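The structure under discussion appears below in the form of structure tokens.
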Amino acid sequence: MARGASAAIALAVTAAALASCGGASHAPVDRPVGVTHQAARPVPGAAGVEPSAIRRPAAESGKVDPSITRHSEDGGKTVNLTLDDGPNPVWTPRFLDLLEKHKAKAVFCVLGPAAKANPELLGRIVDAGHRLCDHSVHHDTAMDKKPVDYQTQEILDAKDMIDQASGGRRIWYYRAPGGAFTPESRQVAADHGMRPLGWNVDPSDYQRPGVDTIVTRVQEQLAKGPTVLMHDGGGDREQSFQALEKLLTWFDEQGYHYSFPQA
């Protein structure tokens, strides 16, 4: 065939391909079984975040257990501290100072927009030896009742915000707001290198029931297991801070050592 004719055919094929996709190129789509494509919903303040529908799984894909973790990595008498709903520019630094004083470690379950607004706190969290956890974008405690595409976007848009704010530091876990996990959301998290994170101990400190009540609830519930849910964000955390201050002293006196949930 003549060279000019070959070029003409190639141009025609290219034009037809562009016409069929509206003139735009699309990256390959990787999504869990049962997830159908829908247009990405814009997230306030999330400019530059790649829509979750075209985001590829992380390199850790296939290596992370999608079951909910609550047990410690270490044996013996351990406690796993987890702090939710930050980072908060007022409270998170105080919690970090307190943990450093007691040589204690914690998992910080951070919201995407809060992470984006406070990147320096993410760096401080990781540099101090603590771990990061994806806690979604909008803290929607009813997300388990919503479509899988929505759950996926909540998880992965938050992950992108945390990645950008932290400079790509490892996100070890994903905690569904209010424990609103589904099998699909757990798999999405695991496919992107994040172990679903539960808890054993919930003193409901976010309700501000009183410092002594928070302390007593933690002490009484520890028989259920080592992973303690508390908060460094989401409102006035003075009671949570004072309760943790008392608890850290008590943990030290009782011979607990600080661990992380199995990842």
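In the structure tokens, chains take the letters A, B, ... in the order shown, each chain's residues start at 1, and ligands count up from 1 in the order shown.
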Problem set entry | Contacts of A:Thr69 within 9 Å, only C-alpha atoms, excl. fewer than 4 positions in-chain, as a list of chain:residue names |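 With the cut-off at 9 Å, the set is A:Asp65, A:Arg195, A:Pro196, A:Leu197, A:Gly198, A:Trp199, A:Pro261, A:Gln262, A:Ala263.
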For this session: Might you pull out every residue within 8 Å of A:Ala243, with only C-alpha atoms counted and same-chain residues fewer than 6 positions away left off, and present them as a PyMOL selection string?
Result: chain A and resi 211-212+214-215
Could you write out that same residue set with N, CA, C and O atoms as a PDB file, in the first residue's frame?
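Once written, out-v5.pdb looks like this:
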ATOM      1  N   VAL A 211     -14.289  13.629  82.872  1.00  0.00           N
ATOM      2  CA  VAL A 211     -12.958  13.034  82.810  1.00  0.00           C
ATOM      3  C   VAL A 211     -12.924  11.698  83.537  1.00  0.00           C
ATOM      4  O   VAL A 211     -12.439  10.688  83.001  1.00  0.00           O
ATOM      5  N   ASP A 212     -13.436  11.659  84.750  1.00  0.00           N
ATOM      6  CA  ASP A 212     -13.371  10.420  85.536  1.00  0.00           C
ATOM      7  C   ASP A 212     -14.193   9.309  84.901  1.00  0.00           C
ATOM      8  O   ASP A 212     -13.810   8.132  84.960  1.00  0.00           O
ATOM      9  N   ILE A 214     -14.675   8.885  81.664  1.00  0.00           N
ATOM     10  CA  ILE A 214     -13.881   8.376  80.542  1.00  0.00           C
ATOM     11  C   ILE A 214     -12.811   7.423  81.049  1.00  0.00           C
ATOM     12  O   ILE A 214     -12.619   6.320  80.504  1.00  0.00           O
ATOM     13  N   VAL A 215     -12.111   7.823  82.100  1.00  0.00           N
ATOM     14  CA  VAL A 215     -11.041   6.990  82.659  1.00  0.00           C
ATOM     15  C   VAL A 215     -11.596   5.654  83.129  1.00  0.00           C
ATOM     16  O   VAL A 215     -11.049   4.582  82.811  1.00  0.00           O
TER      17      VAL A 215
END
Which residues of stretch 75-131 of chain A have any atom within 10 Å of an atom in stretch 165-185 of chain A when counting only C-alpha atoms, and what is the closest pair of atoms for each, with the distance in Å to one decimal? Order the rows by chain and rising number and write it as CSV.
residue,atom,partner,partner_atom,distance
A:Asp84,CA,A:Arg175,CA,9.0
A:Asp85,CA,A:Pro177,CA,9.1
A:Val107,CA,A:Tyr173,CA,8.7
A:Phe108,CA,A:Tyr173,CA,9.5
A:Cys109,CA,A:Arg175,CA,7.0
A:Val110,CA,A:Arg175,CA,9.2
A:Leu111,CA,A:Pro177,CA,9.7
A:Gly112,CA,A:Ala165,CA,9.0
A:Pro113,CA,A:Ala165,CA,9.7
A:Ala114,CA,A:Ala165,CA,9.6
A:Ala115,CA,A:Ala165,CA,6.2
A:Lys116,CA,A:Ala165,CA,5.3
A:Ala117,CA,A:Ala165,CA,8.0
A:Asn118,CA,A:Ala165,CA,7.5
A:Pro119,CA,A:Ala165,CA,4.6
A:Glu120,CA,A:Ser166,CA,7.9
A:Leu121,CA,A:Ser166,CA,8.7
A:Leu122,CA,A:Ser166,CA,5.6
A:Gly123,CA,A:Ser166,CA,5.9
A:Arg124,CA,A:Ser166,CA,9.5
A:Ile125,CA,A:Ser166,CA,9.6
A:Val126,CA,A:Arg169,CA,7.6
A:Asp127,CA,A:Arg169,CA,9.9
A:Arg131,CA,A:Trp172,CA,6.6
How would the residues just chosen look if you wrote them out with C-alpha atoms as an mmCIF file, in the first residue's frame?
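Okay, out.cif is ready:
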data_model
loop_
_atom_site.group_PDB
_atom_site.id
_atom_site.type_symbol
_atom_site.label_atom_id
_atom_site.label_comp_id
_atom_site.auth_asym_id
_atom_site.auth_seq_id
_atom_site.Cartn_x
_atom_site.Cartn_y
_atom_site.Cartn_z
ATOM 1 C CA ASP A 84 -9.779 10.032 65.825
ATOM 2 C CA ASP A 85 -11.074 13.019 63.868
ATOM 3 C CA VAL A 107 -2.585 5.630 65.722
ATOM 4 C CA PHE A 108 -3.998 8.932 64.470
ATOM 5 C CA CYS A 109 -7.153 8.353 62.409
ATOM 6 C CA VAL A 110 -7.273 11.523 60.340
ATOM 7 C CA LEU A 111 -9.932 13.084 58.153
ATOM 8 C CA GLY A 112 -8.867 14.040 54.644
ATOM 9 C CA PRO A 113 -9.751 17.768 54.790
ATOM 10 C CA ALA A 114 -8.186 18.140 58.258
ATOM 11 C CA ALA A 115 -5.008 16.483 57.011
ATOM 12 C CA LYS A 116 -4.905 18.793 54.007
ATOM 13 C CA ALA A 117 -5.340 21.840 56.255
ATOM 14 C CA ASN A 118 -2.611 20.756 58.704
ATOM 15 C CA PRO A 119 0.211 19.070 56.795
ATOM 16 C CA GLU A 120 2.830 20.040 59.378
ATOM 17 C CA LEU A 121 0.957 18.045 62.026
ATOM 18 C CA LEU A 122 0.992 14.939 59.850
ATOM 19 C CA GLY A 123 4.749 15.251 59.579
ATOM 20 C CA ARG A 124 5.056 15.623 63.328
ATOM 21 C CA ILE A 125 2.831 12.597 63.942
ATOM 22 C CA VAL A 126 4.909 10.321 61.726
ATOM 23 C CA ASP A 127 8.284 11.722 62.804
ATOM 24 C CA ARG A 131 0.996 5.777 62.655
#
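Each of A:Gly129, A:Pro226, A:Gly76, A:Gly86 was compared to A:Leu99 using only C-alpha atoms, and A:Gly129 turns out to be the nearest.
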For this session: Mind the document's chain letters and residue numbers, and return as a list in words the residues of stretch 68-188 of chain A that DSSP labels strand (DSSP E or B).
Result: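 After running DSSP on the backbone, stretch 68-188 of chain A has strand (DSSP E or B) at Thr69, Ser72, Thr78, Val79, Asn80, Leu81, Thr82, Leu83, Asp84, Asp85, Gly86, Ala106, Val107, Phe108, Cys109, Val110, Arg131, Leu132, Cys133, Asp134, Ile171, Trp172, Tyr173 and Tyr174 of chain A.
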Could you save the residues just selected, with C-alpha atoms, as a short mmCIF file (atom, residue, chain, number, x, y, z; two decimals), in the first residue's frame?
data_model
loop_
_atom_site.label_atom_id
_atom_site.label_comp_id
_atom_site.auth_asym_id
_atom_site.auth_seq_id
_atom_site.Cartn_x
_atom_site.Cartn_y
_atom_site.Cartn_z
CA THR A 69 -7.86 -5.66 63.22
CA SER A 72 -1.75 -5.90 69.22
CA THR A 78 -0.34 -4.08 75.79
CA VAL A 79 -2.56 -1.17 74.92
CA ASN A 80 -3.14 0.27 71.43
CA LEU A 81 -4.08 3.93 71.60
CA THR A 82 -6.06 5.37 68.69
CA LEU A 83 -7.08 9.02 68.30
CA ASP A 84 -9.78 10.03 65.83
CA ASP A 85 -11.07 13.02 63.87
CA GLY A 86 -7.93 15.18 63.72
CA ALA A 106 -0.74 5.99 69.01
CA VAL A 107 -2.58 5.63 65.72
CA PHE A 108 -4.00 8.93 64.47
CA CYS A 109 -7.15 8.35 62.41
CA VAL A 110 -7.27 11.52 60.34
CA ARG A 131 1.00 5.78 62.65
CA LEU A 132 -1.54 7.28 60.26
CA CYS A 133 -5.02 5.95 59.57
CA ASP A 134 -7.48 7.04 56.86
CA ILE A 171 -1.12 5.08 55.84
CA TRP A 172 -1.33 1.87 57.84
CA TYR A 173 -5.07 1.57 58.49
CA TYR A 174 -8.56 2.61 57.46
#
For A:Leu222, please output as a CSV table (one decimal) with N, CA, C and O atoms, in the first residue's frame all residues within 8 Å (counting only C-alpha atoms; exclusion window: fewer than 4 positions along the same chain).
chain,number,residue,atom,x,y,z
A,200,ASN,N,-11.6,-2.1,70.7
A,200,ASN,CA,-12.2,-2.9,71.8
A,200,ASN,C,-12.8,-2.1,72.8
A,200,ASN,O,-13.8,-2.5,73.5
A,201,VAL,N,-12.3,-0.9,73.0
A,201,VAL,CA,-12.6,0.0,74.1
A,201,VAL,C,-13.1,1.3,73.6
A,201,VAL,O,-12.4,2.0,72.8
A,218,VAL,N,-12.6,3.3,80.3
A,218,VAL,CA,-11.4,2.6,79.6
A,218,VAL,C,-10.9,1.5,80.5
A,218,VAL,O,-10.6,0.4,80.0
A,226,PRO,N,-7.2,-4.8,73.6
A,226,PRO,CA,-6.2,-3.7,73.9
A,226,PRO,C,-6.5,-2.4,73.1
A,226,PRO,O,-5.8,-1.4,73.4
A,228,VAL,N,-7.9,1.0,72.1
A,228,VAL,CA,-8.7,2.0,72.8
A,228,VAL,C,-9.1,3.2,71.8
A,228,VAL,O,-8.2,3.7,71.1
Exercise. Per DSSP on the backbone, what are the alpha helix (DSSP H) residues of stretch 54-213 of chain A, as a PyMOL selection string?
Worked result: chain A and resi 91-101+112-117+119-127+148-166+183-191+211-213
Exercise. What gap, in Å, lies between atom CA of A:Lys105 and atom CA of A:Val188?
Worked result: 26.6 Å
For this session: Could you check which of A:Gln239, A:Gln254, A:Thr152, A:Thr213 is closest to A:Phe95, using only C-alpha atoms?
Result: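 When distances to A:Phe95 are compared using only C-alpha atoms, the smallest one comes from A:Gln239.
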Exercise. Nearest to A:His135: which of A:Ala189, A:Ala104, A:Val148, A:Leu98 is it, counting only C-alpha atoms?
Worked result: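 Closest candidate: A:Ala189.
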Problem set entry | Nearest candidate to A:Asp252 (options A:Lys103, A:Val90, A:Met143, A:Leu96; using only C-alpha atoms) |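 The answer is A:Lys103, which sits nearest to A:Asp252.
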